[in-house]
Amino acid sequence: MRNGAKTGLITGVAVAVLAAGGYGAYSLVGGSDDKDAPAAKKARTVVAEPPSAEQAAAGTKDFLDAWAAGDLAKAASLTDDPAGATTALTAFRDQVKPSGLTLAPAGPATPAAFAAATGSPSAAPKAPATPTAATPGATDSPAATAPAAPAAPTGVLMGFKARAEFEGTNRVWDYSGFLSVVKMSDNTPAVHWAPSVIHPHLAPGETIAVQPLPPIAGNVVDRNNKPLAGASITPLIPTLQAKVAKLLADQNKDQSDNGTGVVITNAGDQNSVPDRLFTIVDPKPPKPFKLTIDNTLQAAAEKAMADLGGKKGSIVAIEPSTGQVLAFANAPVTGLNRAFQGQLAPGSTLKILTSTALLEAGVNPDTPVACPTLSSNPKKIPNSFPDAYPNNTLQQDFMISCNTAFIDQGLTSLKPGALTTTAKDVYGIGLNWQTGLPSFDAVVPDAGTNKDEQAMQSIGQGKVQMNPLAIASITATVQSGSFKQPVLVAELPQQKAPRDLGPDVAGKLRQMMAATATGGTAKDVMAGISDNAGAKTGSAEATGIATTNSWFTAYRGNLAVASEVEGGGHGVEAAGPAVASIIKAAGNR
């Protein structure tokens, strides 16, 4: 799997064993020829000096000959980690199951060739002198004392050509391999063992095996069966297809369309993508790969991000009745998919969550909740406006986005951990969403009894981390009354929240968001699209950003949208127009 650089894996230093000849191919320690003499074990070590060209060539050939002949014990003994090599070589034999294996030395290899084969940006593999790879002077005897050495050993990088054959097909798998040869204290070479000796893509913790290959989808289409378009999404299609195949593998009872092939997987990393190395038997012709994306809304989302004038931002649109993602876009279009993977404070858009907890605690939209100039917690927090509104109701505080009202009422009415519990139980935050793409599923940590942290969380600051996917999902839950986990492919399984948003609380939240859209901070942006609609503005402070980040979320009909713009200022200044453009493009859904 190509999840990171493999550079250095094959050239580190480890416990060494003798190469064939000399003391015997399987010896780990020296001994006397006199059978009556007591065995005097002599520890053998890796030295800093590299092997000669002749030694490197001989060490490579002997190892490859033994591996190709199926003498795995001998091959492992010619490495510096016989136990690790035995396990890996045996797994390759038993899980890849080649009917024939040809391995031929290809002479010295260049660091550039190794880097290209592993997908590493680094040009030169280096031999680390670290405890994990064993340092110079490490021995094959656990009881031996390792003497210190002044310099790290240097391996000689060698290439080889591999050809694997498989029963039932005339296809052959050809690939270029690499290994590093180090020098031992008895002047013999040894292959430094690393998983990448098996194949350059193989890293520690990964498995190489012949596995079923489900058909890779052909044409990628949107929800209306039109060819998919969108600069933010098209580069992510290979990852999306691989993850969807993995997520749906257990559901697909019919395996008749599958082929077989050599695949590298990492069971310990849910976000990893299987690396298909070689196809033995082709799967059946592919079917269209249909996404939940709506091309019209996707185009509007891409344009909204392009119109930011170089600012970073992202936007997500969700269908509340299903949780299906209708559009998402990022600025810039390359790099981090911040719409799904951003980890940002959402500012006052989180007051939707705080309002949910307050309403469930018995506070109502018309309950008097004063809006003072400073909050009551120890580290006073102001509003974004100078005036106090002592006669406000909760709904009026929501409409003007009064920080102090939500902080003070939260400290009065909510038990410690209430926001964390509500976020998970009602809005599905923290349930390990499987959308089809890698995602950060938001965090609302338990603030405990720390009133300052409780205050910050109630207004979407502090340790709260969100992205437009999460905020759009919260808004969609308010619109529909129940959490539907966002997905990019309709067939994907969706996590269930422990409970729905009660109809009374959902109605009151929609009332408050509708009032904000028609007469609150969002009214200018939502002008002309307020029918069956609601909104919430937000701005969030962030370290290293002089101007606040702009946030905005809204719904109309069966559509919920959220956006953030880094350094965009107030919610209506940057994120708001982006959201409004999507809603207008959708028409009356």
# chains A, B, ... in the order shown; residues from 1 in each chain; ligands from 1

$ closest_atom_pairs --of "stretch 190-232 of chain A" --to "stretch 92-108 of chain A" --cutoff "10 Å" --atoms "only C-alpha atoms" --output "CSV"
residue,atom,partner,partner_atom,distance
A:Ile198,CA,A:Phe92,CA,7.8
A:Thr207,CA,A:Phe92,CA,8.9
A:Ile208,CA,A:Phe92,CA,6.9
A:Ala209,CA,A:Val96,CA,4.6
A:Val210,CA,A:Val96,CA,5.0
A:Gln211,CA,A:Val96,CA,8.7

$ select_by_dssp --residues "stretch 106-347 of chain A" --states "alpha helix (DSSP H)" --output "ChimeraX atom specification"
/A:111-118,237-248,295-306,338-341

$ closest_atom_pairs --of "stretch 283-392 of chain A" --to "stretch 452-455 of chain A" --cutoff "12 Å" --atoms "only C-alpha atoms" --output "tab-separated table"
residue	atom	partner	partner_atom	distance
A:Lys351	CA	A:Ala455	CA	11.6
A:Thr354	CA	A:Ala455	CA	10.6
A:Leu374	CA	A:Ala455	CA	11.6
A:Ser375	CA	A:Ala455	CA	8.4
A:Ser376	CA	A:Ala455	CA	9.1
A:Asn377	CA	A:Asp452	CA	5.9
A:Pro378	CA	A:Asp452	CA	6.5
A:Lys379	CA	A:Asp452	CA	6.2
A:Lys380	CA	A:Asp452	CA	8.5
A:Ile381	CA	A:Ala455	CA	8.4
A:Pro382	CA	A:Ala455	CA	11.3

$ write_last_selection --atoms "all heavy atoms" --output "PDB file, in the first residue's frame"
ATOM      1  N   LYS A 351     -24.016  26.779  18.125  1.00  0.00           N
ATOM      2  CA  LYS A 351     -25.133  27.158  18.997  1.00  0.00           C
ATOM      3  C   LYS A 351     -26.400  26.383  18.655  1.00  0.00           C
ATOM      4  O   LYS A 351     -27.336  26.355  19.455  1.00  0.00           O
ATOM      5  CB  LYS A 351     -25.370  28.669  18.923  1.00  0.00           C
ATOM      6  CG  LYS A 351     -24.298  29.470  19.648  1.00  0.00           C
ATOM      7  CD  LYS A 351     -24.444  30.971  19.429  1.00  0.00           C
ATOM      8  CE  LYS A 351     -23.282  31.732  20.119  1.00  0.00           C
ATOM      9  NZ  LYS A 351     -23.226  33.139  19.736  1.00  0.00           N
ATOM     10  N   THR A 354     -25.888  23.694  21.151  1.00  0.00           N
ATOM     11  CA  THR A 354     -26.135  24.236  22.492  1.00  0.00           C
ATOM     12  C   THR A 354     -27.621  24.486  22.704  1.00  0.00           C
ATOM     13  O   THR A 354     -28.171  24.196  23.782  1.00  0.00           O
ATOM     14  CB  THR A 354     -25.335  25.531  22.701  1.00  0.00           C
ATOM     15  OG1 THR A 354     -23.959  25.306  22.359  1.00  0.00           O
ATOM     16  CG2 THR A 354     -25.413  25.995  24.144  1.00  0.00           C
ATOM     17  N   LEU A 374     -20.583  40.932  29.024  1.00  0.00           N
ATOM     18  CA  LEU A 374     -19.546  39.951  29.337  1.00  0.00           C
ATOM     19  C   LEU A 374     -20.179  38.724  29.972  1.00  0.00           C
ATOM     20  O   LEU A 374     -21.180  38.823  30.690  1.00  0.00           O
ATOM     21  CB  LEU A 374     -18.495  40.530  30.283  1.00  0.00           C
ATOM     22  CG  LEU A 374     -17.604  41.653  29.747  1.00  0.00           C
ATOM     23  CD1 LEU A 374     -16.736  42.230  30.860  1.00  0.00           C
ATOM     24  CD2 LEU A 374     -16.722  41.146  28.606  1.00  0.00           C
ATOM     25  N   SER A 375     -19.571  37.553  29.727  1.00  0.00           N
ATOM     26  CA  SER A 375     -20.078  36.313  30.306  1.00  0.00           C
ATOM     27  C   SER A 375     -19.710  36.215  31.776  1.00  0.00           C
ATOM     28  O   SER A 375     -18.864  36.965  32.293  1.00  0.00           O
ATOM     29  CB  SER A 375     -19.506  35.118  29.546  1.00  0.00           C
ATOM     30  OG  SER A 375     -18.090  35.094  29.655  1.00  0.00           O
ATOM     31  N   SER A 376     -20.334  35.267  32.480  1.00  0.00           N
ATOM     32  CA  SER A 376     -20.155  35.140  33.932  1.00  0.00           C
ATOM     33  C   SER A 376     -19.056  34.167  34.332  1.00  0.00           C
ATOM     34  O   SER A 376     -18.726  34.069  35.514  1.00  0.00           O
ATOM     35  CB  SER A 376     -21.475  34.683  34.568  1.00  0.00           C
ATOM     36  OG  SER A 376     -21.838  33.391  34.079  1.00  0.00           O
ATOM     37  N   ASN A 377     -18.483  33.415  33.384  1.00  0.00           N
ATOM     38  CA  ASN A 377     -17.423  32.469  33.741  1.00  0.00           C
ATOM     39  C   ASN A 377     -16.155  33.232  34.126  1.00  0.00           C
ATOM     40  O   ASN A 377     -16.025  34.425  33.838  1.00  0.00           O
ATOM     41  CB  ASN A 377     -17.148  31.527  32.573  1.00  0.00           C
ATOM     42  CG  ASN A 377     -16.763  32.247  31.310  1.00  0.00           C
ATOM     43  OD1 ASN A 377     -17.570  33.010  30.784  1.00  0.00           O
ATOM     44  ND2 ASN A 377     -15.554  32.016  30.820  1.00  0.00           N
ATOM     45  N   PRO A 378     -15.204  32.585  34.806  1.00  0.00           N
ATOM     46  CA  PRO A 378     -14.013  33.301  35.306  1.00  0.00           C
ATOM     47  C   PRO A 378     -13.268  34.098  34.234  1.00  0.00           C
ATOM     48  O   PRO A 378     -12.885  35.246  34.472  1.00  0.00           O
ATOM     49  CB  PRO A 378     -13.143  32.170  35.862  1.00  0.00           C
ATOM     50  CG  PRO A 378     -14.140  31.133  36.298  1.00  0.00           C
ATOM     51  CD  PRO A 378     -15.238  31.179  35.279  1.00  0.00           C
ATOM     52  N   LYS A 379     -13.028  33.506  33.044  1.00  0.00           N
ATOM     53  CA  LYS A 379     -12.373  34.237  31.959  1.00  0.00           C
ATOM     54  C   LYS A 379     -13.451  34.855  31.082  1.00  0.00           C
ATOM     55  O   LYS A 379     -14.007  34.199  30.191  1.00  0.00           O
ATOM     56  CB  LYS A 379     -11.470  33.299  31.151  1.00  0.00           C
ATOM     57  CG  LYS A 379     -10.275  32.784  31.933  1.00  0.00           C
ATOM     58  CD  LYS A 379      -9.376  31.908  31.043  1.00  0.00           C
ATOM     59  CE  LYS A 379      -8.171  31.404  31.837  1.00  0.00           C
ATOM     60  NZ  LYS A 379      -7.288  30.536  31.009  1.00  0.00           N
ATOM     61  N   LYS A 380     -13.752  36.100  31.343  1.00  0.00           N
ATOM     62  CA  LYS A 380     -14.883  36.765  30.708  1.00  0.00           C
ATOM     63  C   LYS A 380     -14.771  36.750  29.182  1.00  0.00           C
ATOM     64  O   LYS A 380     -13.699  36.975  28.616  1.00  0.00           O
ATOM     65  CB  LYS A 380     -15.000  38.209  31.186  1.00  0.00           C
ATOM     66  CG  LYS A 380     -15.024  38.379  32.713  1.00  0.00           C
ATOM     67  CD  LYS A 380     -16.208  37.670  33.338  1.00  0.00           C
ATOM     68  CE  LYS A 380     -16.238  37.875  34.860  1.00  0.00           C
ATOM     69  NZ  LYS A 380     -17.313  37.088  35.496  1.00  0.00           N
ATOM     70  N   ILE A 381     -15.893  36.508  28.533  1.00  0.00           N
ATOM     71  CA  ILE A 381     -15.957  36.458  27.073  1.00  0.00           C
ATOM     72  C   ILE A 381     -16.976  37.495  26.614  1.00  0.00           C
ATOM     73  O   ILE A 381     -18.102  37.533  27.122  1.00  0.00           O
ATOM     74  CB  ILE A 381     -16.354  35.056  26.591  1.00  0.00           C
ATOM     75  CG1 ILE A 381     -15.278  34.045  26.996  1.00  0.00           C
ATOM     76  CG2 ILE A 381     -16.554  35.035  25.070  1.00  0.00           C
ATOM     77  CD1 ILE A 381     -15.642  32.612  26.716  1.00  0.00           C
ATOM     78  N   PRO A 382     -16.628  38.344  25.636  1.00  0.00           N
ATOM     79  CA  PRO A 382     -17.558  39.363  25.145  1.00  0.00           C
ATOM     80  C   PRO A 382     -18.363  38.858  23.951  1.00  0.00           C
ATOM     81  O   PRO A 382     -18.172  37.738  23.463  1.00  0.00           O
ATOM     82  CB  PRO A 382     -16.622  40.486  24.726  1.00  0.00           C
ATOM     83  CG  PRO A 382     -15.423  39.745  24.204  1.00  0.00           C
ATOM     84  CD  PRO A 382     -15.277  38.503  25.068  1.00  0.00           C
TER      85      PRO A 382
END

$ atom_distance --atom1 "atom CA of A:Pro283" --atom2 "atom CA of A:Asn258"
4.6 Å

$ select_by_dssp --residues "stretch 349-518 of chain A" --states "strand (DSSP E or B)" --output "PyMOL selection string"
chain A and resi 368+371+374+382+389+393+443+465-466+487

$ closest_atom_pairs --of "stretch 387-497 of chain A" --to "stretch 290-299 of chain A" --cutoff "8 Å" --atoms "only C-alpha atoms" --output "Markdown table"
| residue | atom | partner | partner_atom | distance |
| --- | --- | --- | --- | --- |
| A:Val487 | CA | A:Thr292 | CA | 7.7 |
| A:Leu488 | CA | A:Thr292 | CA | 5.2 |
| A:Val489 | CA | A:Leu291 | CA | 4.9 |
| A:Ala490 | CA | A:Thr292 | CA | 6.4 |

$ residues_around --residues "A:Thr537" --least-positions-apart "6" --cutoff "7 Å" --atoms "only C-alpha atoms" --output "PDB file with all heavy atoms, in the first residue's frame"
ATOM      1  N   SER A 348     -20.145  30.081  16.165  1.00  0.00           N
ATOM      2  CA  SER A 348     -21.534  30.131  16.615  1.00  0.00           C
ATOM      3  C   SER A 348     -22.470  29.195  15.869  1.00  0.00           C
ATOM      4  O   SER A 348     -23.630  29.043  16.275  1.00  0.00           O
ATOM      5  CB  SER A 348     -22.059  31.566  16.506  1.00  0.00           C
ATOM      6  OG  SER A 348     -21.407  32.394  17.463  1.00  0.00           O
ATOM      7  N   THR A 349     -22.022  28.542  14.783  1.00  0.00           N
ATOM      8  CA  THR A 349     -22.888  27.529  14.182  1.00  0.00           C
ATOM      9  C   THR A 349     -23.153  26.401  15.176  1.00  0.00           C
ATOM     10  O   THR A 349     -24.171  25.717  15.078  1.00  0.00           O
ATOM     11  CB  THR A 349     -22.279  26.954  12.885  1.00  0.00           C
ATOM     12  OG1 THR A 349     -20.988  26.415  13.161  1.00  0.00           O
ATOM     13  CG2 THR A 349     -22.171  28.029  11.812  1.00  0.00           C
ATOM     14  N   THR A 521     -29.157  37.558  12.029  1.00  0.00           N
ATOM     15  CA  THR A 521     -27.866  37.832  11.384  1.00  0.00           C
ATOM     16  C   THR A 521     -27.774  37.284   9.968  1.00  0.00           C
ATOM     17  O   THR A 521     -26.913  37.707   9.200  1.00  0.00           O
ATOM     18  CB  THR A 521     -26.723  37.238  12.221  1.00  0.00           C
ATOM     19  OG1 THR A 521     -26.985  35.839  12.451  1.00  0.00           O
ATOM     20  CG2 THR A 521     -26.577  37.951  13.558  1.00  0.00           C
ATOM     21  N   ALA A 522     -28.644  36.330   9.616  1.00  0.00           N
ATOM     22  CA  ALA A 522     -28.556  35.713   8.285  1.00  0.00           C
ATOM     23  C   ALA A 522     -29.518  36.314   7.283  1.00  0.00           C
ATOM     24  O   ALA A 522     -29.566  35.859   6.131  1.00  0.00           O
ATOM     25  CB  ALA A 522     -28.813  34.210   8.406  1.00  0.00           C
ATOM     26  N   TRP A 551     -18.185  31.112   9.086  1.00  0.00           N
ATOM     27  CA  TRP A 551     -18.997  29.898   9.026  1.00  0.00           C
ATOM     28  C   TRP A 551     -20.446  30.282   8.742  1.00  0.00           C
ATOM     29  O   TRP A 551     -20.925  31.320   9.194  1.00  0.00           O
ATOM     30  CB  TRP A 551     -18.934  29.129  10.349  1.00  0.00           C
ATOM     31  CG  TRP A 551     -17.679  28.346  10.563  1.00  0.00           C
ATOM     32  CD1 TRP A 551     -16.479  28.820  11.023  1.00  0.00           C
ATOM     33  CD2 TRP A 551     -17.495  26.947  10.354  1.00  0.00           C
ATOM     34  NE1 TRP A 551     -15.563  27.810  11.101  1.00  0.00           N
ATOM     35  CE2 TRP A 551     -16.161  26.638  10.694  1.00  0.00           C
ATOM     36  CE3 TRP A 551     -18.323  25.918   9.905  1.00  0.00           C
ATOM     37  CZ2 TRP A 551     -15.644  25.356  10.609  1.00  0.00           C
ATOM     38  CZ3 TRP A 551     -17.816  24.633   9.820  1.00  0.00           C
ATOM     39  CH2 TRP A 551     -16.484  24.351  10.160  1.00  0.00           C
ATOM     40  N   PHE A 552     -21.130  29.407   8.030  1.00  0.00           N
ATOM     41  CA  PHE A 552     -22.552  29.627   7.767  1.00  0.00           C
ATOM     42  C   PHE A 552     -23.185  28.285   7.440  1.00  0.00           C
ATOM     43  O   PHE A 552     -22.587  27.458   6.737  1.00  0.00           O
ATOM     44  CB  PHE A 552     -22.739  30.578   6.576  1.00  0.00           C
ATOM     45  CG  PHE A 552     -24.128  31.149   6.434  1.00  0.00           C
ATOM     46  CD1 PHE A 552     -24.443  32.395   6.961  1.00  0.00           C
ATOM     47  CD2 PHE A 552     -25.131  30.450   5.764  1.00  0.00           C
ATOM     48  CE1 PHE A 552     -25.721  32.927   6.825  1.00  0.00           C
ATOM     49  CE2 PHE A 552     -26.403  30.969   5.618  1.00  0.00           C
ATOM     50  CZ  PHE A 552     -26.705  32.220   6.155  1.00  0.00           C
ATOM     51  N   THR A 553     -24.383  28.066   7.971  1.00  0.00           N
ATOM     52  CA  THR A 553     -25.128  26.857   7.637  1.00  0.00           C
ATOM     53  C   THR A 553     -26.596  27.201   7.473  1.00  0.00           C
ATOM     54  O   THR A 553     -27.110  28.117   8.136  1.00  0.00           O
ATOM     55  CB  THR A 553     -24.930  25.760   8.704  1.00  0.00           C
ATOM     56  OG1 THR A 553     -25.549  24.546   8.253  1.00  0.00           O
ATOM     57  CG2 THR A 553     -25.513  26.155  10.046  1.00  0.00           C
ATOM     58  N   GLY A 571     -19.824  35.356   9.472  1.00  0.00           N
ATOM     59  CA  GLY A 571     -20.446  34.321   8.663  1.00  0.00           C
ATOM     60  C   GLY A 571     -21.085  34.815   7.393  1.00  0.00           C
ATOM     61  O   GLY A 571     -21.040  34.143   6.353  1.00  0.00           O
ATOM     62  N   VAL A 572     -21.690  36.008   7.447  1.00  0.00           N
ATOM     63  CA  VAL A 572     -22.387  36.526   6.265  1.00  0.00           C
ATOM     64  C   VAL A 572     -21.428  37.098   5.230  1.00  0.00           C
ATOM     65  O   VAL A 572     -21.842  37.381   4.104  1.00  0.00           O
ATOM     66  CB  VAL A 572     -23.416  37.612   6.665  1.00  0.00           C
ATOM     67  CG1 VAL A 572     -24.521  37.004   7.510  1.00  0.00           C
ATOM     68  CG2 VAL A 572     -22.739  38.762   7.399  1.00  0.00           C
TER      69      VAL A 572
END

$ residues_around --residues "A:Ala554" --least-positions-apart "5" --cutoff "9 Å" --atoms "only C-alpha atoms" --output "ChimeraX atom specification"
/A:472,475-476,513,517,526,533-537,559-562,576,579-580,583

$ residues_around --residues "A:Gly335" --least-positions-apart "3" --cutoff "12 Å" --atoms "only C-alpha atoms" --output "JSON list (two decimals) with all heavy atoms, in the first residue's frame"
[["chain", "number", "residue", "atom", "x", "y", "z"],
["A", 231, "ALA", "N", -13.96, 19.45, -9.94],
["A", 231, "ALA", "CA", -12.52, 19.45, -9.70],
["A", 231, "ALA", "C", -12.15, 18.97, -8.31],
["A", 231, "ALA", "O", -11.06, 18.44, -8.09],
["A", 231, "ALA", "CB", -11.96, 20.86, -9.94],
["A", 232, "SER", "N", -13.03, 19.17, -7.33],
["A", 232, "SER", "CA", -12.72, 18.77, -5.95],
["A", 232, "SER", "C", -12.90, 17.28, -5.73],
["A", 232, "SER", "O", -12.24, 16.69, -4.87],
["A", 232, "SER", "CB", -13.60, 19.53, -4.97],
["A", 232, "SER", "OG", -13.30, 20.90, -4.95],
["A", 233, "ILE", "N", -13.79, 16.66, -6.50],
["A", 233, "ILE", "CA", -14.12, 15.26, -6.24],
["A", 233, "ILE", "C", -13.42, 14.28, -7.16],
["A", 233, "ILE", "O", -13.08, 13.17, -6.74],
["A", 233, "ILE", "CB", -15.66, 15.05, -6.30],
["A", 233, "ILE", "CG1", -16.02, 13.65, -5.79],
["A", 233, "ILE", "CG2", -16.20, 15.29, -7.69],
["A", 233, "ILE", "CD1", -17.49, 13.44, -5.60],
["A", 235, "PRO", "N", -10.36, 13.89, -8.31],
["A", 235, "PRO", "CA", -9.10, 13.28, -7.87],
["A", 235, "PRO", "C", -9.27, 12.25, -6.76],
["A", 235, "PRO", "O", -8.38, 11.44, -6.53],
["A", 235, "PRO", "CB", -8.27, 14.48, -7.37],
["A", 235, "PRO", "CG", -8.91, 15.68, -7.98],
["A", 235, "PRO", "CD", -10.36, 15.34, -8.08],
["A", 236, "LEU", "N", -10.41, 12.28, -6.07],
["A", 236, "LEU", "CA", -10.65, 11.39, -4.94],
["A", 236, "LEU", "C", -11.38, 10.12, -5.35],
["A", 236, "LEU", "O", -11.61, 9.24, -4.51],
["A", 236, "LEU", "CB", -11.46, 12.11, -3.86],
["A", 236, "LEU", "CG", -10.84, 13.40, -3.31],
["A", 236, "LEU", "CD1", -11.82, 14.09, -2.35],
["A", 236, "LEU", "CD2", -9.52, 13.11, -2.60],
["A", 312, "LYS", "N", -8.78, 29.99, 1.53],
["A", 312, "LYS", "CA", -9.06, 28.58, 1.76],
["A", 312, "LYS", "C", -10.47, 28.42, 2.31],
["A", 312, "LYS", "O", -10.91, 29.22, 3.13],
["A", 312, "LYS", "CB", -8.05, 27.98, 2.73],
["A", 312, "LYS", "CG", -6.62, 27.96, 2.21],
["A", 312, "LYS", "CD", -5.68, 27.35, 3.24],
["A", 312, "LYS", "CE", -4.25, 27.32, 2.72],
["A", 312, "LYS", "NZ", -3.31, 26.75, 3.73],
["A", 329, "ALA", "N", -17.02, 20.76, -2.05],
["A", 329, "ALA", "CA", -15.92, 21.38, -2.79],
["A", 329, "ALA", "C", -14.95, 22.01, -1.82],
["A", 329, "ALA", "O", -15.31, 22.34, -0.67],
["A", 329, "ALA", "CB", -16.45, 22.43, -3.77],
["A", 330, "ASN", "N", -13.72, 22.16, -2.29],
["A", 330, "ASN", "CA", -12.65, 22.71, -1.47],
["A", 330, "ASN", "C", -11.91, 23.81, -2.22],
["A", 330, "ASN", "O", -11.85, 23.81, -3.45],
["A", 330, "ASN", "CB", -11.64, 21.62, -1.10],
["A", 330, "ASN", "CG", -12.24, 20.51, -0.28],
["A", 330, "ASN", "OD1", -12.62, 20.72, 0.86],
["A", 330, "ASN", "ND2", -12.32, 19.32, -0.86],
["A", 331, "ALA", "N", -11.36, 24.74, -1.47],
["A", 331, "ALA", "CA", -10.45, 25.73, -2.02],
["A", 331, "ALA", "C", -9.19, 25.72, -1.15],
["A", 331, "ALA", "O", -9.29, 26.02, 0.05],
["A", 331, "ALA", "CB", -11.09, 27.12, -2.03],
["A", 332, "PRO", "N", -8.05, 25.31, -1.72],
["A", 332, "PRO", "CA", -7.86, 24.90, -3.10],
["A", 332, "PRO", "C", -8.43, 23.51, -3.37],
["A", 332, "PRO", "O", -8.73, 22.76, -2.43],
["A", 332, "PRO", "CB", -6.34, 24.90, -3.26],
["A", 332, "PRO", "CG", -5.83, 24.59, -1.88],
["A", 332, "PRO", "CD", -6.78, 25.28, -0.94],
["A", 338, "ARG", "N", -10.68, 19.37, 3.01],
["A", 338, "ARG", "CA", -11.05, 20.01, 4.28],
["A", 338, "ARG", "C", -12.56, 19.95, 4.51],
["A", 338, "ARG", "O", -13.00, 20.06, 5.66],
["A", 338, "ARG", "CB", -10.53, 21.44, 4.35],
["A", 338, "ARG", "CG", -10.95, 22.35, 3.23],
["A", 338, "ARG", "CD", -10.14, 23.65, 3.25],
["A", 338, "ARG", "NE", -10.45, 24.50, 4.39],
["A", 338, "ARG", "CZ", -9.56, 25.26, 5.02],
["A", 338, "ARG", "NH1", -8.30, 25.28, 4.61],
["A", 338, "ARG", "NH2", -9.92, 26.02, 6.04],
["A", 339, "ALA", "N", -13.37, 19.76, 3.47],
["A", 339, "ALA", "CA", -14.81, 19.62, 3.66],
["A", 339, "ALA", "C", -15.13, 18.42, 4.53],
["A", 339, "ALA", "O", -16.08, 18.46, 5.33],
["A", 339, "ALA", "CB", -15.50, 19.48, 2.30],
["A", 341, "GLN", "N", -12.32, 16.48, 6.10],
["A", 341, "GLN", "CA", -11.22, 16.18, 7.03],
["A", 341, "GLN", "C", -10.75, 17.39, 7.82],
["A", 341, "GLN", "O", -9.82, 17.28, 8.61],
["A", 341, "GLN", "CB", -10.04, 15.59, 6.26],
["A", 341, "GLN", "CG", -10.34, 14.23, 5.65],
["A", 341, "GLN", "CD", -9.17, 13.70, 4.85],
["A", 341, "GLN", "OE1", -8.82, 14.22, 3.80],
["A", 341, "GLN", "NE2", -8.54, 12.65, 5.35],
["A", 342, "GLY", "N", -11.36, 18.55, 7.62],
["A", 342, "GLY", "CA", -10.99, 19.72, 8.39],
["A", 342, "GLY", "C", -11.21, 19.51, 9.88],
["A", 342, "GLY", "O", -12.10, 18.76, 10.30]]

$ residues_around --residues "stretch 497-502 of chain A" --least-positions-apart "6" --cutoff "8 Å" --atoms "only C-alpha atoms" --output "VMD selection string"
chain A and resid 424 to 428 431 477 to 478 481 to 483

$ residues_around --residues "A:Thr367" --least-positions-apart "6" --cutoff "9 Å" --atoms "only C-alpha atoms" --output "PyMOL selection string"
chain A and resi 392-395

$ atom_distance --atom1 "atom CA of A:Thr547" --atom2 "atom CA of A:Asp524"
21.3 Å

$ closest_residue --among "A:Leu247, A:Ala405, A:Ala327, A:Ala115" --to "A:Ser196" --atoms "only C-alpha atoms"
A:Ala115

$ closest_residue --among "A:Leu240, A:Leu202, A:Leu336, A:Ala56" --to "A:Val181" --atoms "only C-alpha atoms"
A:Ala56

$ atom_distance --atom1 "atom CA of A:Gln494" --atom2 "atom CA of A:Thr435"
8.2 Å

$ closest_residue --among "A:Thr265, A:Asn558, A:Thr86, A:Gln396" --to "A:Gly70" --atoms "only C-alpha atoms"
A:Thr86

$ closest_residue --among "A:Thr79, A:Ile407, A:Gly313, A:Pro438" --to "A:Ala574" --atoms "only C-alpha atoms"
A:Gly313
